[in-house]
Amino acid sequence: MNAPQDPELRYERKFLAPGPDPDFTARRLALTPARFARAHPPRWVNSVYLDTASLALWEEGVEGAPERTKIRVRWYGALFGEILSPVLEVKTKFGHVGTKARTPLSPAAFSPGMSAQAFLSRLLENPSPGLRARVLPCRPVVLVRYCRMYLESADRRFRATLDTEIACHAFDRMAARRALVPPDPRRVVLEVKYAPAHDPEARRLLAPLPLRLDRSSKYLWAVQTLYGALS
């Protein structure tokens, strides 16, 4: 399927960066012609990924379908406690480019031992019909948490994030091989984001760096890690 002519479309190139020190990669990016620099302070990111009972969205990603969707609830800062600004994000990818729609949700509290379904019900207390139709067939599958560093090129055409302390939690503990996977300090994920027109230049900028392309999203990685091989 061809990507729509959407001005919000962008590339999101993912790489495994040398760990465990993200500052090493940040310094290397600063020395490129794009002169990446810190955009704002790092922060913790929490994402609850939603999928159907048959994990249809997971299968799209594993099979590399031409059009792929991820649905998640995201908030920043502490994992537990009052969440004042949660957002529902629907990411759609068309080949190598994608776009993201964001919908603010109702504030809610998340506490240890709370079921993901109860948490999701509180977030979606008064959903619009469109939102309900999108989310109703889905259920929470995994939670992924990590610390994110933000970088931006001097001309602001390229943005990059460096993610460390990546951990994942299973909600269906009866089926999960592991309920919790603690952070692996050696796993550092770099994402470079830019408009499609800048792809040739981005490739030239990144080619000399010691990076390994990582085609697996955090959601695919978390499901595989927590639940093992799925048919």
# chains A, B, ... in the order shown; residues from 1 in each chain; ligands from 1
>>> residues_around(residues="Ile166 (chain A)", least_positions_apart="6", cutoff="8 Å", atoms="only C-alpha atoms", output="PyMOL selection string")
chain A and resi 144-147+182-184+187
>>> write_last_selection(atoms="N, CA and C atoms", output="short mmCIF file (atom, residue, chain, number, x, y, z; two decimals), in the first residue's frame")
data_model
loop_
_atom_site.label_atom_id
_atom_site.label_comp_id
_atom_site.auth_asym_id
_atom_site.auth_seq_id
_atom_site.Cartn_x
_atom_site.Cartn_y
_atom_site.Cartn_z
N VAL A 144 5.88 -1.15 28.81
CA VAL A 144 7.30 -0.91 28.58
C VAL A 144 7.67 0.43 29.21
N ARG A 145 8.79 0.43 29.95
CA ARG A 145 9.25 1.64 30.63
C ARG A 145 10.74 1.83 30.35
N TYR A 146 11.13 3.09 30.10
CA TYR A 146 12.53 3.37 29.82
C TYR A 146 12.82 4.85 30.07
N CYS A 147 14.11 5.16 30.13
CA CYS A 147 14.54 6.55 30.26
C CYS A 147 14.96 7.05 28.88
N PRO A 182 13.65 -7.07 33.88
CA PRO A 182 14.31 -5.85 34.37
C PRO A 182 15.16 -5.22 33.29
N PRO A 183 15.58 -3.98 33.49
CA PRO A 183 16.38 -3.29 32.47
C PRO A 183 17.70 -4.01 32.19
N ASP A 184 18.08 -4.01 30.93
CA ASP A 184 19.38 -4.52 30.51
C ASP A 184 20.26 -3.30 30.22
N ARG A 187 21.45 -2.57 26.62
CA ARG A 187 20.53 -2.29 25.52
C ARG A 187 20.25 -0.79 25.45
#
>>> closest_atom_pairs(of="region 106-192 of chain A", to="region 35-52 of chain A", cutoff="8 Å", atoms="only C-alpha atoms", output="Markdown table")
| residue | atom | partner | partner_atom | distance |
| --- | --- | --- | --- | --- |
| A:Val135 | CA | A:Leu50 | CA | 8.0 |
| A:Pro137 | CA | A:Thr52 | CA | 5.9 |
| A:Cys138 | CA | A:Thr52 | CA | 4.4 |
| A:Arg139 | CA | A:Leu50 | CA | 5.2 |
| A:Pro140 | CA | A:Leu50 | CA | 4.4 |
| A:Val141 | CA | A:Leu50 | CA | 5.7 |
| A:Val142 | CA | A:Tyr49 | CA | 5.6 |
| A:Leu143 | CA | A:Val48 | CA | 4.4 |
| A:Val144 | CA | A:Ser47 | CA | 5.3 |
| A:Arg145 | CA | A:Asn46 | CA | 4.6 |
| A:Tyr146 | CA | A:Val45 | CA | 5.5 |
| A:Cys147 | CA | A:Trp44 | CA | 4.4 |
| A:Arg148 | CA | A:Pro42 | CA | 5.4 |
| A:Met149 | CA | A:Pro42 | CA | 4.5 |
| A:Tyr150 | CA | A:Ala39 | CA | 5.4 |
| A:Leu151 | CA | A:Arg38 | CA | 4.4 |
| A:Glu152 | CA | A:Phe36 | CA | 5.1 |
| A:Ser153 | CA | A:Phe36 | CA | 4.1 |
| A:Ala154 | CA | A:Arg35 | CA | 5.6 |
>>> residues_around(residues="Gly61 (chain A)", least_positions_apart="4", cutoff="10 Å", atoms="only C-alpha atoms", output="list in words")
Ala56, Leu57, Ala65, Pro66, Glu67, Arg68, Thr69, Lys70, Lys93, Arg215, Ser216, Ser217, Tyr219 and Leu220 of chain A
>>> residues_around(residues="region 190-194 of chain A", least_positions_apart="3", cutoff="8 Å", atoms="only C-alpha atoms", output="list in words")
Arg10, Tyr11, Glu12, Arg13, Lys14, Phe15, Leu16, Ala17, Arg157, Phe158, Arg159, Ala160, Thr161, Leu162, Asp163, His198 and Asp199 of chain A
>>> select_by_dssp(residues="region 83-164 of chain A", states="strand (DSSP E or B)", output="ChimeraX atom specification")
/A:83,87-94,97-104,108-110,139-152,159-164
>>> atom_distance(atom1="CA of Arg204 (chain A)", atom2="CA of Thr32 (chain A)")
9.9 Å
>>> atom_distance(atom1="CA of Phe24 (chain A)", atom2="CA of Asp214 (chain A)")
18.4 Å
>>> residues_around(residues="Pro196 (chain A)", least_positions_apart="4", cutoff="10 Å", atoms="only C-alpha atoms", output="MDAnalysis selection string")
chainID A and resid 7:12 96:98 200 202
>>> write_last_selection(atoms="C-alpha atoms", output="PDB file, in the first residue's frame")
ATOM      1  CA  PRO A   7       2.675  16.233   5.894  1.00  0.00           C
ATOM      2  CA  GLU A   8       3.056  14.482   9.267  1.00  0.00           C
ATOM      3  CA  LEU A   9       4.678  11.394   7.747  1.00  0.00           C
ATOM      4  CA  ARG A  10       8.239  10.790   8.905  1.00  0.00           C
ATOM      5  CA  TYR A  11      10.959   8.213   9.001  1.00  0.00           C
ATOM      6  CA  GLU A  12      11.799   6.598  12.349  1.00  0.00           C
ATOM      7  CA  HIS A  96       9.382   2.739   6.236  1.00  0.00           C
ATOM      8  CA  VAL A  97       7.417   5.925   6.977  1.00  0.00           C
ATOM      9  CA  GLY A  98       4.695   6.523   9.521  1.00  0.00           C
ATOM     10  CA  PRO A 200      19.392  10.543   1.693  1.00  0.00           C
ATOM     11  CA  ALA A 202      20.201  11.050   7.097  1.00  0.00           C
TER      12      ALA A 202
END
>>> closest_residue(among="A:Leu124, A:Leu205, A:Leu226, A:Ile83", to="Ala170 (chain A)", atoms="only C-alpha atoms")
A:Leu226
>>> residues_around(residues="region 101-105 of chain A", least_positions_apart="5", cutoff="9 Å", atoms="only C-alpha atoms", output="VMD selection string")
chain A and resid 73 85 to 92 123 to 127 131
>>> select_by_dssp(residues="region 87-201 of chain A", states="helix (DSSP H, G or I)", output="list of chain:residue names")
A:Ala116, A:Gln117, A:Ala118, A:Phe119, A:Leu120, A:Ser121, A:Arg122, A:Leu123, A:Pro129, A:Gly130, A:Leu131, A:Arg132, A:Ala133, A:Arg134, A:Val135, A:Pro196, A:Ala197, A:His198, A:Asp199, A:Pro200, A:Glu201
>>> residues_around(residues="Arg28 (chain A)", least_positions_apart="5", cutoff="10 Å", atoms="only C-alpha atoms", output="PDB file with N, CA and C atoms, in the first residue's frame")
ATOM      1  N   ASP A  23      25.694   8.523  26.524  1.00  0.00           N
ATOM      2  CA  ASP A  23      26.440   9.749  26.232  1.00  0.00           C
ATOM      3  C   ASP A  23      27.482   9.514  25.145  1.00  0.00           C
ATOM      4  N   ARG A  35      25.353  18.193  13.871  1.00  0.00           N
ATOM      5  CA  ARG A  35      25.646  18.789  15.187  1.00  0.00           C
ATOM      6  C   ARG A  35      24.447  18.642  16.150  1.00  0.00           C
ATOM      7  N   PHE A  36      24.130  17.400  16.437  1.00  0.00           N
ATOM      8  CA  PHE A  36      23.046  17.123  17.381  1.00  0.00           C
ATOM      9  C   PHE A  36      23.408  17.652  18.769  1.00  0.00           C
ATOM     10  N   LEU A 206      24.492   8.985   9.246  1.00  0.00           N
ATOM     11  CA  LEU A 206      24.534   7.864  10.180  1.00  0.00           C
ATOM     12  C   LEU A 206      25.486   6.748   9.748  1.00  0.00           C
ATOM     13  N   PRO A 208      28.700   6.485   9.083  1.00  0.00           N
ATOM     14  CA  PRO A 208      29.994   6.272   9.758  1.00  0.00           C
ATOM     15  C   PRO A 208      29.884   5.850  11.225  1.00  0.00           C
ATOM     16  N   LEU A 209      28.690   5.906  11.814  1.00  0.00           N
ATOM     17  CA  LEU A 209      28.550   5.645  13.239  1.00  0.00           C
ATOM     18  C   LEU A 209      28.472   4.145  13.529  1.00  0.00           C
ATOM     19  N   PRO A 210      28.933   3.726  14.710  1.00  0.00           N
ATOM     20  CA  PRO A 210      28.902   2.297  15.073  1.00  0.00           C
ATOM     21  C   PRO A 210      27.511   1.872  15.536  1.00  0.00           C
TER      22      PRO A 210
END
>>> atom_distance(atom1="CA of Phe171 (chain A)", atom2="CA of Ser115 (chain A)")
7.5 Å
